[in-house]
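Text of upload_0.txt (compact mmCIF, C-alpha atoms) as supplied:
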```
# COMPACT_ATOMS: atom_id res chain seq x y z
CA MET A 27 -16.73 -14.25 15.63
CA LEU A 28 -16.07 -12.25 12.49
CA PRO A 29 -17.57 -13.46 9.20
CA GLY A 30 -14.98 -15.43 7.28
CA ALA A 31 -14.48 -16.43 3.68
CA LEU A 32 -16.38 -19.11 1.78
CA GLY A 33 -18.69 -19.89 4.66
CA ARG A 34 -15.94 -20.16 7.27
CA THR A 35 -15.37 -17.89 10.24
CA VAL A 36 -12.27 -16.01 11.31
CA SER A 37 -11.83 -15.53 15.04
CA ALA A 38 -11.57 -12.00 16.35
CA VAL A 39 -8.18 -10.98 17.72
CA PRO A 40 -7.80 -12.04 21.37
CA ALA A 41 -7.24 -9.14 23.74
CA ASP A 42 -3.71 -10.31 24.58
CA ALA A 43 -2.67 -11.21 21.04
CA THR A 44 -0.47 -9.20 18.71
CA PRO A 45 -1.06 -9.09 14.95
CA ASN A 46 2.19 -10.84 14.07
CA GLY A 47 2.05 -13.37 16.86
CA SER A 48 4.97 -11.88 18.79
CA ALA A 49 5.47 -9.47 21.64
CA ASP A 50 6.96 -6.95 19.19
CA GLY A 51 3.77 -6.53 17.17
CA VAL A 52 1.50 -3.50 17.12
CA ALA A 53 -1.48 -4.57 19.16
CA ALA A 54 -4.84 -4.42 17.46
CA ALA A 55 -7.55 -2.97 19.65
CA SER A 56 -10.50 -5.14 20.50
CA PRO A 57 -13.99 -3.89 19.63
CA GLY A 58 -15.23 -1.36 22.13
CA SER A 59 -11.76 -0.38 23.34
CA SER A 60 -10.61 3.23 23.41
CA ALA A 61 -8.10 2.64 20.60
CA GLU A 62 -9.82 1.13 17.59
CA PRO A 63 -7.66 -0.34 14.80
CA THR A 64 -7.02 1.69 11.66
CA ARG A 65 -9.64 0.70 9.09
CA ILE A 66 -8.55 0.54 5.46
CA GLY A 67 -10.40 -0.48 2.33
CA ILE A 68 -8.50 -1.91 -0.63
CA ILE A 69 -10.33 -1.45 -3.93
CA GLY A 70 -9.52 -4.05 -6.57
CA GLY A 71 -7.55 -5.89 -3.92
CA THR A 72 -7.75 -9.46 -5.21
CA GLY A 73 -4.61 -9.30 -7.37
CA PRO A 74 -1.13 -10.18 -6.03
CA ALA A 75 -0.32 -6.62 -4.89
CA GLY A 76 -3.67 -5.97 -3.22
CA ALA A 77 -3.74 -9.32 -1.44
CA ALA A 78 -0.16 -8.88 -0.23
CA LEU A 79 -0.91 -5.38 1.05
CA ALA A 80 -4.03 -6.62 2.84
CA ALA A 81 -2.03 -9.28 4.66
CA ARG A 82 0.75 -6.85 5.62
CA LEU A 83 -1.61 -4.14 6.85
CA ALA A 84 -3.67 -6.61 8.85
CA ASP A 85 -0.47 -7.94 10.39
CA ILE A 86 0.41 -4.50 11.80
CA GLY A 87 -3.00 -4.17 13.40
CA CYS A 88 -5.19 -2.62 10.72
CA GLU A 89 -8.68 -3.87 9.95
CA ILE A 90 -9.06 -4.44 6.22
CA THR A 91 -11.96 -4.66 3.80
CA LEU A 92 -10.73 -6.37 0.64
CA GLY A 93 -12.81 -5.13 -2.27
CA SER A 94 -13.46 -6.65 -5.67
CA ARG A 95 -15.94 -6.42 -8.52
CA SER A 96 -16.97 -9.92 -7.45
CA LYS A 97 -17.64 -10.51 -3.77
CA TYR A 98 -17.07 -14.22 -4.35
CA ARG A 99 -13.58 -13.57 -5.71
CA SER A 100 -12.91 -11.41 -2.65
CA MET A 101 -14.10 -14.21 -0.38
CA GLU A 102 -11.78 -16.66 -2.12
CA VAL A 103 -8.72 -14.40 -1.76
CA VAL A 104 -9.44 -13.66 1.91
CA ASP A 105 -9.79 -17.39 2.49
CA ASN A 106 -6.37 -17.98 0.91
CA ILE A 107 -4.71 -15.30 3.05
CA VAL A 108 -6.20 -16.66 6.27
CA ASP A 109 -5.21 -20.21 5.34
CA ARG A 110 -1.62 -19.11 4.72
CA TRP A 111 -1.32 -17.26 8.05
CA PRO A 112 -3.64 -19.13 10.44
CA ASP A 113 -1.85 -17.98 13.61
CA ARG A 114 -1.73 -14.28 12.75
CA HIS A 115 -5.32 -13.38 13.69
CA LEU A 116 -5.62 -11.16 10.61
CA ARG A 117 -8.68 -8.93 10.44
CA ILE A 118 -9.57 -9.03 6.74
CA HIS A 119 -13.16 -8.94 5.50
CA PRO A 120 -14.29 -9.68 1.93
CA GLY A 121 -16.65 -7.37 0.09
CA ALA A 122 -17.52 -5.44 -3.04
CA ASN A 123 -15.46 -2.42 -4.10
CA SER A 124 -18.19 -0.12 -2.82
CA LEU A 125 -17.83 -1.64 0.66
CA ALA A 126 -14.06 -1.13 0.60
CA ALA A 127 -14.56 2.46 -0.59
CA ALA A 128 -16.74 3.15 2.46
CA GLU A 129 -13.77 2.71 4.83
CA PRO A 130 -12.08 5.84 6.26
CA THR A 131 -8.82 5.28 4.33
CA VAL A 132 -8.75 3.67 0.89
CA VAL A 133 -6.08 2.13 -1.35
CA ILE A 134 -6.69 1.54 -5.06
CA ALA A 135 -4.86 -1.65 -6.07
CA THR A 136 -6.36 -2.29 -9.50
CA PRO A 137 -4.23 -2.61 -12.66
CA TRP A 138 -3.09 0.85 -13.76
CA ASP A 139 -5.50 1.19 -16.68
CA ALA A 140 -8.51 0.50 -14.44
CA ALA A 141 -7.56 2.75 -11.52
CA ALA A 142 -9.28 5.98 -12.61
CA ILE A 143 -12.33 4.16 -13.99
CA THR A 144 -12.78 2.19 -10.78
CA ALA A 145 -12.30 5.34 -8.71
CA ARG A 146 -15.03 7.06 -10.71
CA ASP A 147 -17.43 4.18 -10.06
CA VAL A 148 -17.13 4.61 -6.27
CA ALA A 149 -16.41 8.36 -6.19
CA GLU A 150 -19.41 9.13 -4.00
CA HIS A 151 -17.85 7.05 -1.20
CA LEU A 152 -14.42 8.71 -1.48
CA ARG A 153 -15.21 12.39 -0.95
CA GLY A 154 -12.94 13.98 1.64
CA LYS A 155 -10.90 10.81 2.16
CA VAL A 156 -7.23 9.95 1.78
CA VAL A 157 -6.92 7.65 -1.24
CA ALA A 158 -3.60 5.95 -2.04
CA THR A 159 -2.70 4.57 -5.46
CA MET A 160 -0.03 1.88 -5.92
CA SER A 161 -0.26 1.11 -9.66
CA ASN A 162 2.44 1.60 -12.29
CA ALA A 163 1.78 2.09 -16.00
CA LEU A 164 4.17 -0.40 -17.59
CA ALA A 165 4.37 -2.52 -20.71
CA ARG A 166 6.67 -5.38 -21.62
CA VAL A 167 8.28 -5.13 -25.05
CA ASP A 168 10.30 -8.25 -25.83
CA ASP A 169 12.63 -8.56 -22.82
CA GLU A 170 12.34 -4.95 -21.68
CA PHE A 171 9.95 -3.23 -19.29
CA VAL A 172 8.84 0.13 -20.67
CA PRO A 173 7.17 2.86 -18.59
CA LEU A 174 4.00 4.32 -20.06
CA ILE A 175 2.99 7.90 -19.35
CA PRO A 176 -0.77 8.34 -18.86
CA PRO A 177 -2.37 11.53 -20.26
CA ARG A 178 -2.10 13.36 -16.92
CA GLY A 179 1.46 12.18 -16.30
CA SER A 180 0.83 9.39 -13.81
CA VAL A 181 -1.79 6.96 -12.58
CA ALA A 182 -2.01 8.89 -9.32
CA ALA A 183 -2.64 12.19 -11.13
CA SER A 184 -5.36 10.57 -13.23
CA VAL A 185 -7.07 9.32 -10.07
CA GLN A 186 -6.77 12.75 -8.43
CA ALA A 187 -8.40 14.36 -11.47
CA THR A 188 -11.21 11.81 -11.23
CA LEU A 189 -11.60 12.46 -7.49
CA PRO A 190 -11.26 16.25 -7.04
CA ASP A 191 -12.84 16.06 -3.58
CA SER A 192 -10.41 13.38 -2.32
CA ARG A 193 -6.79 13.63 -1.17
CA VAL A 194 -4.81 11.28 -3.39
CA ALA A 195 -1.30 10.04 -2.60
CA ALA A 196 1.01 7.82 -4.64
CA ALA A 197 2.75 5.14 -2.55
CA LEU A 198 4.03 1.55 -2.50
CA GLN A 199 4.91 1.44 -6.22
CA HIS A 200 8.33 -0.14 -5.64
CA VAL A 201 7.56 -2.96 -3.20
CA PRO A 202 7.44 -6.44 -4.80
CA ALA A 203 4.19 -8.21 -3.99
CA THR A 204 5.99 -11.40 -2.97
CA GLU A 205 8.03 -9.61 -0.31
CA LEU A 206 5.12 -7.45 0.82
CA GLY A 207 3.00 -10.53 1.42
CA ASN A 208 5.66 -12.57 3.24
CA LEU A 209 4.82 -11.79 6.85
CA ASP A 210 7.78 -13.78 8.16
CA GLU A 211 10.16 -11.14 6.78
CA PRO A 212 10.34 -7.35 7.16
CA VAL A 213 9.71 -5.00 4.25
CA HIS A 214 13.18 -4.04 3.03
CA GLY A 215 13.31 -0.58 1.52
CA ASP A 216 12.05 2.97 1.42
CA ILE A 217 8.45 3.75 0.52
CA LEU A 218 8.26 6.92 -1.57
CA ILE A 219 5.08 8.94 -1.03
CA CYS A 220 3.91 12.05 -2.85
CA SER A 221 0.70 14.04 -2.80
CA ASP A 222 -0.63 17.55 -3.31
CA HIS A 223 -2.17 17.20 0.16
CA ARG A 224 0.42 17.11 2.92
CA GLU A 225 -1.98 15.56 5.41
CA ALA A 226 -2.45 12.65 2.98
CA THR A 227 1.31 12.10 2.84
CA TRP A 228 1.53 12.17 6.63
CA HIS A 229 -1.38 9.77 7.03
CA ILE A 230 -0.02 7.17 4.60
CA ALA A 231 3.49 7.57 6.02
CA GLU A 232 2.25 6.91 9.54
CA ILE A 233 0.75 3.62 8.38
CA VAL A 234 3.83 2.64 6.34
CA ASP A 235 6.16 3.35 9.25
CA ARG A 236 4.42 0.63 11.26
CA MET A 237 5.64 -1.99 8.77
CA PRO A 238 8.83 -3.64 10.06
CA GLY A 239 11.79 -2.62 7.90
CA ALA A 240 9.95 0.04 5.89
CA ARG A 241 10.78 3.75 5.92
CA ALA A 242 8.28 6.27 4.57
CA LEU A 243 9.73 9.29 2.76
CA ASP A 244 7.92 12.48 1.77
CA CYS A 245 8.71 13.03 -1.92
CA GLY A 246 6.77 16.24 -2.43
CA ASN A 247 3.86 16.99 -4.72
CA LEU A 248 1.90 14.58 -6.87
CA SER A 249 3.79 15.73 -9.97
CA ASN A 250 6.65 13.52 -8.76
CA ALA A 251 4.45 10.44 -9.18
CA THR A 252 5.47 10.46 -12.86
CA ALA A 253 9.07 9.67 -11.97
CA ILE A 254 8.20 7.35 -9.08
CA GLU A 255 5.87 5.21 -11.17
CA ALA A 256 8.20 5.13 -14.19
CA PHE A 257 11.21 4.08 -12.10
CA THR A 258 9.44 0.81 -11.36
CA ALA A 259 10.41 -0.29 -14.88
CA VAL A 260 14.08 0.02 -13.90
CA LEU A 261 13.62 -2.11 -10.79
CA MET A 262 11.75 -4.78 -12.73
CA GLN A 263 14.48 -4.82 -15.36
CA LEU A 264 17.08 -5.36 -12.65
CA ASN A 265 15.02 -8.24 -11.29
CA THR A 266 14.98 -9.84 -14.72
CA ARG A 267 18.64 -9.27 -15.53
CA TYR A 268 20.01 -10.44 -12.19
CA ARG A 269 17.32 -13.02 -11.35
CA THR A 270 16.54 -11.46 -7.99
CA ARG A 271 14.19 -8.95 -6.40
CA VAL A 272 15.53 -5.54 -5.54
CA ALA A 273 14.28 -2.92 -3.12
CA LEU A 274 14.88 0.82 -3.15
CA ARG A 275 16.94 2.34 -0.33
CA LEU A 276 18.08 5.97 -0.41
CA VAL A 277 21.38 6.77 1.28
CA GLY A 278 22.22 10.05 2.96
CA LEU A 279 19.06 10.05 5.08
CA ASP A 280 20.30 8.01 8.03
CA HIS A 281 20.24 11.08 10.27
CA VAL A 282 16.54 11.72 9.58
CA PRO A 283 14.17 9.97 12.01
CA ILE A 284 11.63 7.80 10.24
CA SER A 285 8.77 9.71 11.83
CA VAL A 286 10.03 13.10 10.60
CA LEU A 287 8.81 13.79 7.07
CA GLY A 288 10.74 16.35 5.10
CA GLY A 289 12.98 16.86 8.12
CA GLY A 290 16.25 16.82 6.20
CA PRO A 291 18.17 19.75 4.76
CA SER A 292 16.49 21.86 2.11
CA GLY A 293 17.38 24.62 -0.30
CA THR A 294 20.17 25.00 -2.84
CA ASP A 295 22.86 23.90 -0.38
CA ALA A 296 21.14 20.63 0.47
CA VAL A 297 23.08 17.46 -0.14
CA GLN A 298 21.18 15.36 -2.65
CA PRO A 299 21.03 11.70 -1.56
CA ALA A 300 22.13 9.04 -4.00
CA ALA A 301 19.92 6.08 -4.82
CA GLU A 302 21.03 2.52 -4.52
CA THR A 303 19.25 -0.76 -5.05
CA VAL A 304 19.54 -3.35 -2.33
CA PRO A 305 18.89 -7.03 -3.07
CA ASP A 306 15.87 -8.16 -1.13
```

Take the structure in the file and write it out as structure tokens.
Amino acid sequence: MLPGALGRTVSAVPADATPNGSADGVAAASPGSSAEPTRIGIIGGTGPAGAALAARLADIGCEITLGSRSKYRSMEVVDNIVDRWPDRHLRIHPGANSLAAAEPTVVIATPWDAAAITARDVAEHLRGKVVATMSNALARVDDEFVPLIPPRGSVAASVQATLPDSRVAAALQHVPATELGNLDEPVHGDILICSDHREATWHIAEIVDRMPGARALDCGNLSNATAIEAFTAVLMQLNTRYRTRVALRLVGLDHVPISVLGGGPSGTDAVQPAAETVPD
């Protein structure tokens, strides 16, 4: 039995079970098997985005440590996730941020203005690791969402400057938490990923591509995180104006296999894909 939340226990995944309860799921390896599940720590993961990501990643077979400044808050959130999806056999463990930072792959899911500070607090655990950021610097002014530009241009760039020995990637900025956490539905949309470390882009993309309905796209260097993060304000404004939730889908890339990053045409003669928003 794995330790559960608030004094309860969560059963380990049976050997013949799939993470999403169907034959189409990505099987999670049992302890001691030759193929261990991907282990991911989510720092500051008790908010809506972090909790939704934890549920989705656990559903595709990853083993998650959900970090928080308060281990009791982490226990409460894990308890809520398990209660919502009792038949999914989700491997999610509560813990402090330092425990989440000790995992091989780490996601920072704090509010944008706490991302770099929180990264600094656990920097010793993050050396040499792939670290993904999913925050957007936004403010609401009256009825409008306004993008804010941090001093280094983006939240991801600020985290990379704080963690010079880590490989930071920006990803998952455009996925609504409600849809990400609804395990009964696929993730509709493209996930834009950028990093100054190509292996970090590949690693995060490989994980994203396991999510049903999601397509990971290599968007180049971390400098592009400025535009990626800021564009979230546009999507949120569309949600408000049209009372819906939109997802980002880029057209013109249908011929590119999901698993091939940067495999499309390049150079001055390349056809630039147009962006469209698709109601979720």

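Distance-wise, CA of Val260 in chain A and CA of Asn162 in chain A end up 11.9 Å apart.
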
- Got a sec to check which residues sit within 9 Å of (10.1, 0.3, 4.4), counting only C-alpha atoms, and write them as a ChimeraX atom specification? /A:201,212-217,234-242,274-275

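Atom pair CA of Val133 in chain A / CA of Ile118 in chain A: separated by 14.2 Å.
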
- Query: Quick one: distance from CA of Glu225 in chain A to CA of Cys245 in chain A in Å, one decimal?
  - Reply: 13.2 Å

- Task: Would you kindly return, as a ChimeraX atom specification, each protein, DNA or RNA residue with an atom no farther than 8 Å from any atom of range 127-129 of chain A, considering all atoms listed in the file and excluding same-chain residues fewer than 3 positions away?
- Result: /A:65-69,91,93,123-124,132,148,151-152

- Note on the structure: Of A:Pro190, A:Arg224, A:Asp210, A:Ala165, the one nearest to Ala145 in chain A when counting all atoms listed in the file is A:Pro190
